[in-house]
>>> print(open('input.cif').read())   # mmCIF, C-alpha atoms
data_structure
loop_
_atom_site.label_atom_id
_atom_site.label_comp_id
_atom_site.auth_asym_id
_atom_site.auth_seq_id
_atom_site.Cartn_x
_atom_site.Cartn_y
_atom_site.Cartn_z
CA MET D 1 156.93 33.86 36.24
CA LYS D 2 160.56 33.63 37.26
CA SER D 3 161.72 32.44 40.64
CA PHE D 4 163.75 34.79 42.83
CA ARG D 5 165.60 34.69 46.12
CA ILE D 6 165.01 36.28 49.49
CA GLY D 7 168.23 36.08 51.44
CA GLY D 8 169.18 32.79 49.81
CA LEU D 9 165.70 31.27 50.02
CA GLU D 10 164.44 30.34 46.57
CA ILE D 11 160.88 31.50 45.96
CA ARG D 12 159.86 29.16 43.12
CA VAL D 13 156.70 31.09 42.26
CA PRO D 14 157.08 34.85 42.92
CA ILE D 15 153.83 35.16 44.84
CA ILE D 16 153.71 36.10 48.52
CA GLN D 17 150.42 35.69 50.34
CA GLY D 18 149.74 38.79 52.40
CA GLY D 19 149.39 38.57 56.15
CA MET D 20 145.76 39.17 57.12
CA GLY D 21 144.40 39.46 60.61
CA VAL D 22 142.56 38.75 62.73
CA GLY D 23 142.51 35.03 61.98
CA ILE D 24 142.28 35.31 58.18
CA SER D 25 145.74 33.99 57.31
CA LEU D 26 146.91 31.36 59.75
CA SER D 27 148.76 28.10 59.18
CA GLY D 28 145.99 26.60 57.03
CA LEU D 29 146.25 29.17 54.27
CA ALA D 30 150.00 29.63 54.66
CA VAL D 31 150.68 25.92 54.18
CA ALA D 32 148.54 25.75 51.03
CA VAL D 33 150.41 28.69 49.49
CA ALA D 34 153.82 27.34 50.49
CA ASN D 35 152.98 23.98 48.94
CA GLU D 36 152.39 25.73 45.60
CA GLY D 37 155.85 27.30 45.67
CA GLY D 38 154.87 30.72 46.97
CA VAL D 39 155.43 32.21 50.42
CA GLY D 40 152.69 31.45 52.93
CA VAL D 41 152.32 34.07 55.66
CA ILE D 42 150.82 33.80 59.14
CA SER D 43 149.43 37.03 60.59
CA CYS D 44 150.35 37.82 64.20
CA ALA D 45 147.49 40.28 64.67
CA GLY D 46 145.08 39.11 67.33
CA LEU D 47 146.66 35.71 68.00
CA GLY D 48 146.24 36.34 71.71
CA LEU D 49 142.48 36.44 71.20
CA LEU D 50 142.45 33.32 69.03
CA TYR D 51 144.54 31.41 71.59
CA LYS D 52 143.14 32.95 74.78
CA GLU D 53 142.85 29.51 76.41
CA LYS D 54 146.62 29.02 76.12
CA ALA D 55 147.59 31.55 78.79
CA GLU D 56 146.22 33.88 81.46
CA ASN D 57 146.92 37.12 79.60
CA TYR D 58 146.80 38.44 76.05
CA ILE D 59 150.56 38.94 75.71
CA GLN D 60 151.47 35.38 76.66
CA SER D 61 148.63 33.82 74.67
CA SER D 62 149.89 35.73 71.61
CA ILE D 63 153.31 34.12 72.04
CA GLU D 64 151.81 30.67 72.50
CA GLY D 65 149.53 31.20 69.52
CA LEU D 66 152.39 32.11 67.20
CA LYS D 67 154.39 29.11 68.36
CA ALA D 68 151.41 26.83 67.73
CA GLU D 69 150.72 28.23 64.25
CA LEU D 70 154.35 27.97 63.17
CA GLN D 71 154.62 24.43 64.50
CA LYS D 72 151.43 23.42 62.66
CA ALA D 73 152.78 24.92 59.45
CA ARG D 74 156.17 23.25 59.81
CA SER D 75 154.55 19.85 60.31
CA ALA D 76 152.51 20.23 57.11
CA THR D 77 154.92 21.73 54.56
CA LYS D 78 158.54 21.97 53.54
CA GLY D 79 157.74 25.20 51.74
CA ILE D 80 158.52 28.74 52.85
CA ILE D 81 156.54 30.15 55.77
CA GLY D 82 156.65 33.79 56.79
CA VAL D 83 155.14 35.81 59.62
CA ASN D 84 153.57 39.25 59.29
CA ILE D 85 154.21 41.42 62.35
CA MET D 86 152.92 44.98 62.53
CA VAL D 87 155.32 47.47 64.06
CA ALA D 88 152.28 49.14 65.64
CA LEU D 89 151.56 46.08 67.80
CA THR D 90 152.25 46.66 71.47
CA ASN D 91 153.75 43.16 71.57
CA PHE D 92 155.86 43.67 68.43
CA GLU D 93 159.08 42.74 70.24
CA ASP D 94 157.63 39.53 71.70
CA MET D 95 156.27 38.45 68.31
CA VAL D 96 159.61 39.12 66.57
CA LYS D 97 161.57 37.19 69.19
CA THR D 98 159.13 34.28 68.99
CA ALA D 99 159.21 34.17 65.18
CA ILE D 100 163.01 34.12 65.20
CA SER D 101 163.30 31.50 67.94
CA GLU D 102 160.75 29.29 66.13
CA LYS D 103 162.80 29.72 62.94
CA ALA D 104 160.14 31.32 60.77
CA ASP D 105 161.66 31.65 57.31
CA ILE D 106 160.80 35.33 56.89
CA ILE D 107 159.46 38.21 58.97
CA PHE D 108 157.40 40.80 57.06
CA ALA D 109 157.12 43.96 59.15
CA GLY D 110 155.01 47.00 58.30
CA ALA D 111 152.48 49.45 59.80
CA GLY D 112 155.43 51.63 60.78
CA LEU D 113 159.12 51.52 59.92
CA PRO D 114 160.77 48.53 61.67
CA LEU D 115 164.03 50.40 62.31
CA SER D 116 165.11 48.09 65.16
CA LEU D 117 164.24 44.77 63.52
CA PRO D 118 167.79 43.47 62.79
CA GLY D 119 168.69 43.99 66.43
CA PHE D 120 166.65 40.93 67.39
CA LEU D 121 168.69 38.51 65.28
CA LYS D 122 171.27 36.29 66.96
CA LYS D 123 174.40 34.80 65.42
CA ASP D 124 172.64 31.53 64.62
CA SER D 125 169.35 33.07 63.42
CA THR D 126 168.11 31.94 60.03
CA THR D 127 165.04 34.17 59.70
CA LYS D 128 165.11 36.66 56.81
CA LEU D 129 163.89 40.23 57.31
CA VAL D 130 161.56 41.98 54.86
CA PRO D 131 160.24 45.44 55.77
CA ILE D 132 157.07 46.85 54.21
CA VAL D 133 157.26 50.46 52.99
CA SER D 134 155.06 52.83 51.02
CA SER D 135 157.63 55.12 49.39
CA GLY D 136 161.14 55.30 47.99
CA LYS D 137 162.05 57.73 50.78
CA ALA D 138 161.04 55.22 53.45
CA ALA D 139 163.05 52.48 51.72
CA LYS D 140 166.14 54.71 51.62
CA ILE D 141 165.84 55.71 55.28
CA LEU D 142 165.37 52.12 56.40
CA CYS D 143 168.28 50.71 54.37
CA ALA D 144 170.59 53.46 55.63
CA LYS D 145 169.58 52.99 59.27
CA TRP D 146 169.86 49.19 59.18
CA LYS D 147 173.29 49.35 57.55
CA ALA D 148 174.61 52.01 59.94
CA ASN D 149 173.19 50.50 63.13
CA TYR D 150 173.34 46.77 62.46
CA ASP D 151 175.49 46.30 59.34
CA TYR D 152 172.45 44.58 57.81
CA LEU D 153 170.39 45.26 54.72
CA PRO D 154 166.85 43.99 54.02
CA ASP D 155 166.63 40.57 52.40
CA ALA D 156 163.82 42.02 50.29
CA ILE D 157 161.44 44.98 50.50
CA VAL D 158 157.66 44.97 50.06
CA VAL D 159 156.29 48.22 48.66
CA GLU D 160 152.58 48.52 49.40
CA GLY D 161 150.46 50.91 47.37
CA PRO D 162 147.22 52.73 48.33
CA LYS D 163 144.90 50.08 46.82
CA ALA D 164 145.80 47.56 49.54
CA GLY D 165 143.38 46.22 52.10
CA GLY D 166 143.42 47.00 55.80
CA HIS D 167 145.44 49.86 57.19
CA LEU D 168 147.12 52.10 54.63
CA GLY D 169 150.38 53.99 54.94
CA PHE D 170 148.95 57.00 53.14
CA LYS D 171 146.98 60.11 53.95
CA ARG D 172 143.40 60.15 52.68
CA GLU D 173 144.19 62.69 49.96
CA GLN D 174 147.03 60.51 48.65
CA ILE D 175 144.96 57.35 48.16
CA ASP D 176 143.54 58.40 44.77
CA ASP D 177 146.53 60.53 43.74
CA GLU D 178 148.38 58.98 40.77
CA ASN D 179 151.66 60.31 42.20
CA PHE D 180 151.29 57.73 44.97
CA SER D 181 150.03 54.83 42.85
CA LEU D 182 151.79 51.47 43.04
CA GLU D 183 152.90 51.88 39.43
CA THR D 184 154.62 55.13 40.43
CA ILE D 185 156.21 54.13 43.73
CA VAL D 186 157.57 50.71 42.69
CA PRO D 187 160.16 52.23 40.30
CA GLU D 188 161.04 54.80 42.98
CA VAL D 189 161.74 52.07 45.54
CA VAL D 190 163.66 50.01 42.97
CA SER D 191 165.83 53.07 42.23
CA GLU D 192 166.57 53.77 45.91
CA VAL D 193 167.35 50.11 46.60
CA LYS D 194 169.68 49.87 43.61
CA PHE D 195 172.13 52.25 45.27
CA PHE D 196 172.51 49.93 48.28
CA GLU D 197 172.61 46.81 46.12
CA GLU D 198 175.51 48.15 44.08
CA LYS D 199 177.40 49.73 46.98
CA TYR D 200 177.25 46.66 49.23
CA ASN D 201 176.92 43.90 46.62
CA LYS D 202 173.67 42.67 48.15
CA GLU D 203 170.58 41.72 46.21
CA ILE D 204 167.41 43.33 47.60
CA PRO D 205 164.41 42.25 45.50
CA VAL D 206 161.39 44.55 45.53
CA ILE D 207 157.97 42.96 46.01
CA ALA D 208 154.88 44.90 44.90
CA ALA D 209 151.62 44.85 46.87
CA GLY D 210 148.24 46.53 46.96
CA GLY D 211 145.30 46.04 44.62
CA LEU D 212 146.96 43.43 42.40
CA TYR D 213 144.35 40.92 41.31
CA ASP D 214 145.18 38.81 38.26
CA GLY D 215 148.07 37.51 36.20
CA ALA D 216 148.02 40.55 33.92
CA ASP D 217 148.43 42.83 36.97
CA ILE D 218 151.42 40.77 38.06
CA TYR D 219 153.02 40.98 34.62
CA ASN D 220 152.46 44.74 34.40
CA ILE D 221 153.95 45.55 37.80
CA MET D 222 156.95 43.32 37.13
CA GLN D 223 157.66 45.47 34.08
CA LYS D 224 158.10 48.32 36.58
CA GLY D 225 160.91 46.46 38.35
CA ALA D 226 159.15 44.27 40.91
CA ARG D 227 160.64 40.80 41.31
CA GLY D 228 157.63 39.39 43.11
CA VAL D 229 154.13 40.32 44.25
CA GLN D 230 152.14 40.13 47.46
CA LEU D 231 148.43 39.33 47.21
CA GLY D 232 145.94 39.38 50.06
CA SER D 233 142.32 39.61 48.95
CA ARG D 234 142.70 36.96 46.25
CA PHE D 235 143.50 34.39 48.92
CA VAL D 236 140.48 35.21 51.09
CA THR D 237 138.09 33.47 48.70
CA THR D 238 139.97 30.18 48.75
CA HIS D 239 138.88 27.00 50.49
CA GLU D 240 142.06 26.98 52.56
CA CYS D 241 141.69 30.52 53.91
CA ASP D 242 141.32 30.35 57.69
CA ALA D 243 138.35 32.75 57.83
CA SER D 244 134.76 31.56 58.14
CA ASP D 245 132.63 30.88 55.08
CA LEU D 246 130.47 33.90 55.96
CA PHE D 247 133.54 36.14 55.86
CA LYS D 248 134.44 34.81 52.41
CA GLN D 249 130.85 35.27 51.28
CA SER D 250 131.00 38.96 52.22
CA TYR D 251 133.64 39.36 49.52
CA ILE D 252 131.64 37.45 46.94
CA GLU D 253 128.45 39.41 47.64
CA SER D 254 130.15 42.82 47.71
CA LYS D 255 129.86 45.37 44.92
CA GLU D 256 132.40 47.98 43.90
CA ASP D 257 130.55 50.70 45.80
CA ASP D 258 130.72 48.61 48.99
CA VAL D 259 134.52 48.88 49.12
CA GLN D 260 135.20 52.03 51.10
CA ILE D 261 137.85 53.96 52.98
CA ILE D 262 137.26 54.13 56.71
CA GLN D 263 139.04 55.84 59.59
CA SER D 264 140.40 53.14 61.88
CA PRO D 265 140.57 53.54 65.67
CA VAL D 266 144.35 53.19 65.35
CA GLY D 267 144.51 56.58 63.61
CA MET D 268 145.06 55.41 60.03
CA PRO D 269 142.79 55.18 57.00
CA GLY D 270 141.84 51.66 56.00
CA ARG D 271 139.94 49.89 53.24
CA ALA D 272 137.02 47.65 54.12
CA ILE D 273 133.68 46.32 52.91
CA GLY D 274 130.94 48.59 54.18
CA ASN D 275 128.20 47.02 56.30
CA GLY D 276 125.74 47.71 59.07
CA PHE D 277 128.41 47.71 61.75
CA LEU D 278 130.36 50.47 60.01
CA ASP D 279 127.12 52.39 59.41
CA LYS D 280 126.52 52.38 63.17
CA VAL D 281 130.08 53.59 63.75
CA LYS D 282 129.46 56.53 61.43
CA GLN D 283 126.32 57.33 63.41
CA GLY D 284 128.31 57.31 66.64
CA LEU D 285 126.44 54.35 68.10
CA LYS D 286 129.47 52.23 69.04
CA MET D 287 131.63 53.07 72.04
CA PRO D 288 133.64 50.62 74.17
CA GLN D 289 133.86 51.27 77.88
CA THR D 290 137.19 49.55 78.49
CA CYS D 291 140.19 48.32 76.54
CA PRO D 292 140.61 44.57 77.11
CA PHE D 293 143.82 44.13 75.10
CA HIS D 294 145.61 47.38 74.21
CA CYS D 295 146.94 45.56 71.16
CA ILE D 296 147.86 48.61 69.03
CA LYS D 297 150.17 51.35 70.30
CA THR D 298 148.23 54.17 68.65
CA CYS D 299 144.74 53.09 69.73
CA ASP D 300 143.28 55.42 72.39
CA ILE D 301 140.27 53.91 74.15
CA SER D 302 139.01 57.34 75.22
CA SER D 303 138.40 58.36 71.61
CA SER D 304 138.04 55.02 69.81
CA PRO D 305 134.55 54.27 68.48
CA TYR D 306 135.11 50.52 68.89
CA CYS D 307 137.72 47.86 69.68
CA ILE D 308 139.26 47.01 66.33
CA ILE D 309 140.71 43.64 67.31
CA THR D 310 137.31 42.48 68.58
CA ALA D 311 135.55 43.75 65.45
CA LEU D 312 138.00 41.94 63.15
CA TYR D 313 137.84 38.78 65.25
CA ASN D 314 134.03 38.79 65.10
CA ALA D 315 134.11 39.22 61.33
CA ALA D 316 136.59 36.39 60.82
CA LYS D 317 134.28 34.11 62.80
CA GLY D 318 131.33 35.13 60.62
CA ASN D 319 129.66 37.56 63.02
CA LEU D 320 129.58 40.52 60.63
CA LYS D 321 126.88 42.27 62.65
CA SER D 322 129.58 42.93 65.24
CA GLY D 323 132.53 43.53 62.90
CA TYR D 324 133.63 44.08 59.34
CA ALA D 325 135.98 42.73 56.67
CA PHE D 326 139.12 44.54 55.58
CA CYS D 327 139.76 44.12 51.84
CA GLY D 328 141.79 45.34 48.88
CA SER D 329 140.35 47.62 46.20
CA ASN D 330 139.45 44.73 43.88
CA ALA D 331 137.86 42.41 46.44
CA PHE D 332 134.42 42.90 44.86
CA ARG D 333 135.63 41.03 41.76
CA ALA D 334 135.49 37.69 43.59
CA THR D 335 132.68 35.47 42.32
CA LYS D 336 133.33 32.09 43.96
CA VAL D 337 135.51 30.19 46.40
CA ILE D 338 138.28 28.17 44.75
CA SER D 339 141.32 26.23 45.92
CA VAL D 340 144.76 27.80 46.35
CA LYS D 341 146.02 25.44 43.64
CA GLU D 342 143.35 26.69 41.22
CA LEU D 343 144.24 30.29 42.04
CA PHE D 344 147.94 29.71 41.33
CA THR D 345 147.06 28.08 38.02
CA GLU D 346 144.80 31.00 37.09
CA LEU D 347 147.46 33.59 37.98
CA LYS D 348 150.18 31.78 36.06
CA GLU D 349 147.99 31.43 32.97
CA GLY D 350 146.95 35.08 33.09
CA PHE D 351 150.57 36.14 33.44
CA GLN D 352 151.59 34.00 30.48
CA GLN D 353 148.78 35.32 28.28
CA LYS D 354 149.77 38.91 29.05
CA ALA D 355 153.44 38.15 28.35
CA LEU D 356 152.61 36.51 25.00
CA SER D 357 150.54 39.50 23.93
CA PHE D 358 153.67 41.65 24.03
CA ARG D 359 155.80 39.35 21.90
#
>>> encode(input="input.cif", output="structure tokens")
Amino acid sequence: MKSFRIGGLEIRVPIIQGGMGVGISLSGLAVAVANEGGVGVISCAGLGLLYKEKAENYIQSSIEGLKAELQKARSATKGIIGVNIMVALTNFEDMVKTAISEKADIIFAGAGLPLSLPGFLKKDSTTKLVPIVSSGKAAKILCAKWKANYDYLPDAIVVEGPKAGGHLGFKREQIDDENFSLETIVPEVVSEVKFFEEKYNKEIPVIAAGGLYDGADIYNIMQKGARGVQLGSRFVTTHECDASDLFKQSYIESKEDDVQIIQSPVGMPGRAIGNGFLDKVKQGLKMPQTCPFHCIKTCDISSSPYCIITALYNAAKGNLKSGYAFCGSNAFRATKVISVKELFTELKEGFQQKALSFR
């Protein structure tokens, strides 16, 4: 595995840990990944719920929570720490401003095109900007808009395929369509990005994400032009993951048939491990009366079968009767909880074995 750079930052091991909320990837997991030479990522989703004692309202407690997580990470590692901020968050702007002021190394922004993201940078800002897209067309639009409006190009681009966990940037009928597979869209994004790289003499590495599980997967997708990879589910079943042991166990106990596509209250398809809570949702037995947070712009309480942030928070804490676990397509392959260090070793060895088989 070769190192690469994101806006001048050297990523010694080309593995980015995906941002997972609510409370799955916080400073604990991010630090462990950063210490191994990858990029550790703190998820902003639901921080206001995790740090509700820090302030009187959800918006302010989210800000305080992000500050606290970044400060904890900074005190524990000299490695690279990123923040995942969904464009769909109602407090997207507050989270971006906080991440930049706290000098997060990188902002990863998806769940919508972050067309205004460079506008939050100041002259002395050091934070790098990495949008998450799901097509070559989206990458082209974003690069063109950023360059025209802010004279800025992405420091890297994550392209997330339909086998990812959580919310997906695809229609249901596209999820199993080979024309939208990660192996298809990575070369498309690389091709679109190449135009901007050559025209403006700016390196924009493409990072592949979604359903990647082992070293062989990493090798194969890098042959398609990816410079790095983003993994989420693999890091859930590590000792350092910030989720509860019961959450991790739900991955280990799951079978392939348990991994299913659901319709999220935010209006997007998502991938999760099926359980009794989701069965009740399908039966129409869950209905919130009020919206305590209004955390996602597209979530309409009048038609939502449940509060997604509460469900994900409950699951992270181990209360899977009142929530569920998002996961990638290969989450069922987990058999035990290991350390982040062991996982990095396993991925590197698998990558090397695959590379040697082609020599």
>>> resolve_selection(input="input.cif", expression="the PyMOL selection byres ((chain D and resi 343) around 12)", output="number ranges by chain")
D: 15, 17, 32-33, 36, 38, 213-215, 231, 233-240, 334, 336-342, 344-350
>>> resolve_selection(input="input.cif", expression="the PyMOL selection byres ((chain D and resi 275) around 12)", output="VMD selection string")
chain D and resid 250 to 251 253 to 255 257 to 260 262 272 to 274 276 to 282 315 319 to 326
>>> resolve_selection(input="input.cif", expression="the PyMOL selection byres ((chain D and resi 220-228) around 7)", output="number ranges by chain")
D: 4, 14-15, 183, 186-187, 190, 205-208, 216-219, 229
>>> closest_residue(input="input.cif", among="D:Leu66, D:Val193, D:Val41, D:Ile107", to="Ile81 (chain D)", atoms="all atoms listed in the file")
D:Val41
>>> atom_distance(input="input.cif", atom1="CA of Trp146 (chain D)", atom2="CA of Thr90 (chain D)")
21.6 Å
